[in-house]
Structures are given as C-alpha cells and as structure tokens.
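Trainee: Just dropping this structure here.
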Amino acid sequence: MTEPELAALLKNLHTTTMGEERIRRNAAPDEDDVIAWCKERITAPDAVIKRRGKNFYITSCGCTLTVNAGSYTVITAHKTGGVR
C-alpha cells in the first residue's frame with residue numbers, strides 16, 4: 001500500500017453501529033473509540049496490509065481487521081493470537 005492510499009484509509013476510516021459492536025465483541029471489548037483502536041493497529045510497525053478483492057485485510061498486534069476498500073468501512077476485527 002502506498003503512502004497516499006494509507007493516508008486516505010486513515011482519513012476516511014469509519015464503521016457502522018453493527019460493525020462497532022462486532023469489533024468490540026471479537027477483538028476490543030474495553031475500547032471506547034474503536035476507530036482510534038483500529039487506526040493504532042493499522043499504523044503499528046508490525047502491520048501487514050493486503051488487498052483481496054473488495055476488502056483490505058490488516059494483520060497487526062494480534063488481530064486482523066477487515067476494511068472495505070471502496071468505502072473504508074471497518075467491517076470486523078478478530079483476534080489472531082500474539083500481543084494485543
């Protein structure tokens with residue numbers, strides 16, 4: 001992912017009410033601001049960002065985020081192991 005693409009991703013990142021509930025339930029139960037939590041994972045040094053079809057998959061800090069590549073909507077997050 002290029003710097004402009006990453007900047008656009010971070011600037012436009014958002015989620016729905018249902019997405020926020022899924023992120024909390026699956027990966028970030030104690031977070032008040034799930035978008036800030038997601039941005040921290042996306043910008044972490046260990047973040048790996050891959051695009052497959054219509055989604056970005058970001059693996060970082062022991063979780064995987066699924067983000068729609070067209071709308072920058074965080075669909076869900078899941079723990080994958082490692083440090084949170």
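Note on naming: chains are A, B, ... as they come in the structure tokens, residues start from 1 per chain, ligands start from 1 in the order shown.
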Would you give me, as an MDAnalysis selection string, the residues in chain A that DSSP reads as strand (DSSP E)?

Mentor: chainID A and resid 14:15 48:52 55:60 63:68 73:79

Trainee: Restricted to C-alpha atoms, what would the selected residues look like written as an mmCIF file, in the first residue's frame?

Mentor:
data_model
loop_
_atom_site.group_PDB
_atom_site.id
_atom_site.type_symbol
_atom_site.label_atom_id
_atom_site.label_comp_id
_atom_site.auth_asym_id
_atom_site.auth_seq_id
_atom_site.Cartn_x
_atom_site.Cartn_y
_atom_site.Cartn_z
ATOM 1 C CA HIS A 14 -15.257 4.580 9.840
ATOM 2 C CA THR A 15 -17.638 1.839 10.864
ATOM 3 C CA VAL A 48 0.661 -6.132 7.176
ATOM 4 C CA ILE A 49 -1.945 -4.740 4.789
ATOM 5 C CA LYS A 50 -3.205 -6.854 1.897
ATOM 6 C CA ARG A 51 -5.993 -6.239 -0.539
ATOM 7 C CA ARG A 52 -8.054 -9.210 -1.634
ATOM 8 C CA ASN A 55 -11.502 -5.682 1.083
ATOM 9 C CA PHE A 56 -8.284 -4.793 2.832
ATOM 10 C CA TYR A 57 -7.102 -7.256 5.471
ATOM 11 C CA ILE A 58 -4.817 -5.716 8.078
ATOM 12 C CA THR A 59 -2.971 -8.078 10.403
ATOM 13 C CA SER A 60 -1.377 -6.310 13.353
ATOM 14 C CA CYS A 63 -5.672 -9.215 15.330
ATOM 15 C CA THR A 64 -6.980 -8.969 11.781
ATOM 16 C CA LEU A 65 -9.163 -6.083 10.635
ATOM 17 C CA THR A 66 -11.389 -6.316 7.572
ATOM 18 C CA VAL A 67 -11.937 -2.974 5.818
ATOM 19 C CA ASN A 68 -13.976 -2.380 2.666
ATOM 20 C CA THR A 73 -15.709 0.900 6.401
ATOM 21 C CA VAL A 74 -14.264 -1.362 9.096
ATOM 22 C CA ILE A 75 -16.407 -4.469 8.786
ATOM 23 C CA THR A 76 -14.984 -6.530 11.626
ATOM 24 C CA ALA A 77 -11.904 -7.442 13.642
ATOM 25 C CA HIS A 78 -10.809 -10.778 15.051
ATOM 26 C CA LYS A 79 -8.045 -11.831 17.413
#

Trainee: Can you tell me, as number ranges by chain, what residues are no more than 6 Å from A:Leu13 when counting only C-alpha atoms, ignoring any on the same chain fewer than 2 positions away?

Mentor: A: 9-11, 72-73

Trainee: If you measure from atom CA of A:Thr2 to atom CA of A:Glu20, what distance in Å do you get, rounded to one decimal?

Mentor: 26.7 Å

Trainee: Give the answer as one residue: which of A:Met18, A:Ala69, A:Met1, A:Ala8 has the shortest atom-to-atom distance to A:Lys39, using only C-alpha atoms?

Mentor: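 Of A:Met18, A:Ala69, A:Met1, A:Ala8, the one nearest A:Lys39 is A:Ala8, counting only C-alpha atoms.
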
Trainee: Nearest residue to A:Lys54 out of A:Ala7, A:Asp30, A:Gly70, A:Asn12, using only C-alpha atoms?

Mentor: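 Result for the nearest residue to A:Lys54: A:Gly70.
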
Trainee: Name the residues of chain A that fall into alpha helix (DSSP H) according to DSSP on the backbone, using the chain letters and numbers of this document, as a list in words.

Mentor: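 Alpha helix (DSSP H) members of chain A, listed: Glu3, Pro4, Glu5, Leu6, Ala7, Ala8, Leu9, Leu10, Lys11, Asn12, Thr17, Met18, Gly19, Glu20, Glu21, Arg22, Ile23, Arg24, Arg25, Asn26, Val34, Ile35, Ala36, Trp37, Cys38, Lys39, Glu40, Arg41 and Ile42 of chain A.
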
Trainee: Deliver the residues from the most recent selection as a file, using N, CA and C atoms, as a compact mmCIF listing (two decimals), in the first residue's frame.

Mentor:
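And here's again01.txt as it stands now:
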# COMPACT_ATOMS: atom_id res chain seq x y z
N GLU A 3 1.84 5.36 0.43
CA GLU A 3 1.56 6.37 1.47
C GLU A 3 0.24 7.11 1.22
N PRO A 4 -0.05 7.57 -0.02
CA PRO A 4 -1.35 8.23 -0.24
C PRO A 4 -2.54 7.32 0.02
N GLU A 5 -2.41 6.03 -0.34
CA GLU A 5 -3.50 5.09 -0.08
C GLU A 5 -3.69 4.90 1.43
N LEU A 6 -2.59 4.78 2.16
CA LEU A 6 -2.68 4.63 3.61
C LEU A 6 -3.27 5.88 4.24
N ALA A 7 -2.86 7.06 3.78
CA ALA A 7 -3.41 8.31 4.31
C ALA A 7 -4.91 8.40 4.06
N ALA A 8 -5.34 8.01 2.87
CA ALA A 8 -6.78 8.02 2.55
C ALA A 8 -7.52 7.04 3.43
N LEU A 9 -6.92 5.87 3.65
CA LEU A 9 -7.54 4.86 4.52
C LEU A 9 -7.74 5.41 5.92
N LEU A 10 -6.70 6.00 6.49
CA LEU A 10 -6.79 6.51 7.86
C LEU A 10 -7.75 7.68 7.96
N LYS A 11 -7.74 8.57 6.98
CA LYS A 11 -8.60 9.76 6.99
C LYS A 11 -10.08 9.40 6.90
N ASN A 12 -10.38 8.40 6.10
CA ASN A 12 -11.77 8.06 5.82
C ASN A 12 -12.30 6.86 6.59
N THR A 17 -22.73 1.05 13.32
CA THR A 17 -23.06 0.66 14.69
C THR A 17 -22.87 -0.84 14.87
N MET A 18 -23.33 -1.61 13.91
CA MET A 18 -23.17 -3.06 13.99
C MET A 18 -21.70 -3.45 13.90
N GLY A 19 -20.94 -2.76 13.06
CA GLY A 19 -19.51 -3.03 12.95
C GLY A 19 -18.80 -2.75 14.26
N GLU A 20 -19.16 -1.65 14.90
CA GLU A 20 -18.57 -1.29 16.19
C GLU A 20 -18.84 -2.38 17.23
N GLU A 21 -20.05 -2.90 17.23
CA GLU A 21 -20.41 -3.98 18.15
C GLU A 21 -19.59 -5.24 17.87
N ARG A 22 -19.41 -5.58 16.57
CA ARG A 22 -18.63 -6.76 16.20
C ARG A 22 -17.18 -6.61 16.63
N ILE A 23 -16.60 -5.42 16.39
CA ILE A 23 -15.20 -5.18 16.75
C ILE A 23 -15.02 -5.32 18.25
N ARG A 24 -15.91 -4.73 19.03
CA ARG A 24 -15.83 -4.86 20.49
C ARG A 24 -15.97 -6.32 20.93
N ARG A 25 -16.94 -7.00 20.39
CA ARG A 25 -17.21 -8.38 20.79
C ARG A 25 -16.04 -9.31 20.42
N ASN A 26 -15.46 -9.12 19.25
CA ASN A 26 -14.44 -10.05 18.75
C ASN A 26 -13.01 -9.71 19.14
N VAL A 34 -13.47 2.67 18.99
CA VAL A 34 -12.95 1.55 18.21
C VAL A 34 -12.22 2.01 16.96
N ILE A 35 -12.58 3.14 16.39
CA ILE A 35 -11.88 3.63 15.20
C ILE A 35 -10.46 4.04 15.56
N ALA A 36 -10.27 4.70 16.69
CA ALA A 36 -8.91 5.04 17.13
C ALA A 36 -8.12 3.76 17.38
N TRP A 37 -8.75 2.75 17.95
CA TRP A 37 -8.12 1.46 18.19
C TRP A 37 -7.70 0.83 16.87
N CYS A 38 -8.57 0.89 15.87
CA CYS A 38 -8.25 0.33 14.55
C CYS A 38 -7.10 1.09 13.90
N LYS A 39 -7.10 2.41 14.00
CA LYS A 39 -6.02 3.21 13.41
C LYS A 39 -4.69 2.88 14.06
N GLU A 40 -4.68 2.63 15.36
CA GLU A 40 -3.44 2.24 16.04
C GLU A 40 -2.90 0.93 15.45
N ARG A 41 -3.77 -0.01 15.17
CA ARG A 41 -3.33 -1.27 14.61
C ARG A 41 -2.83 -1.10 13.18
N ILE A 42 -3.51 -0.27 12.40
CA ILE A 42 -3.13 -0.06 11.01
C ILE A 42 -1.76 0.62 10.91
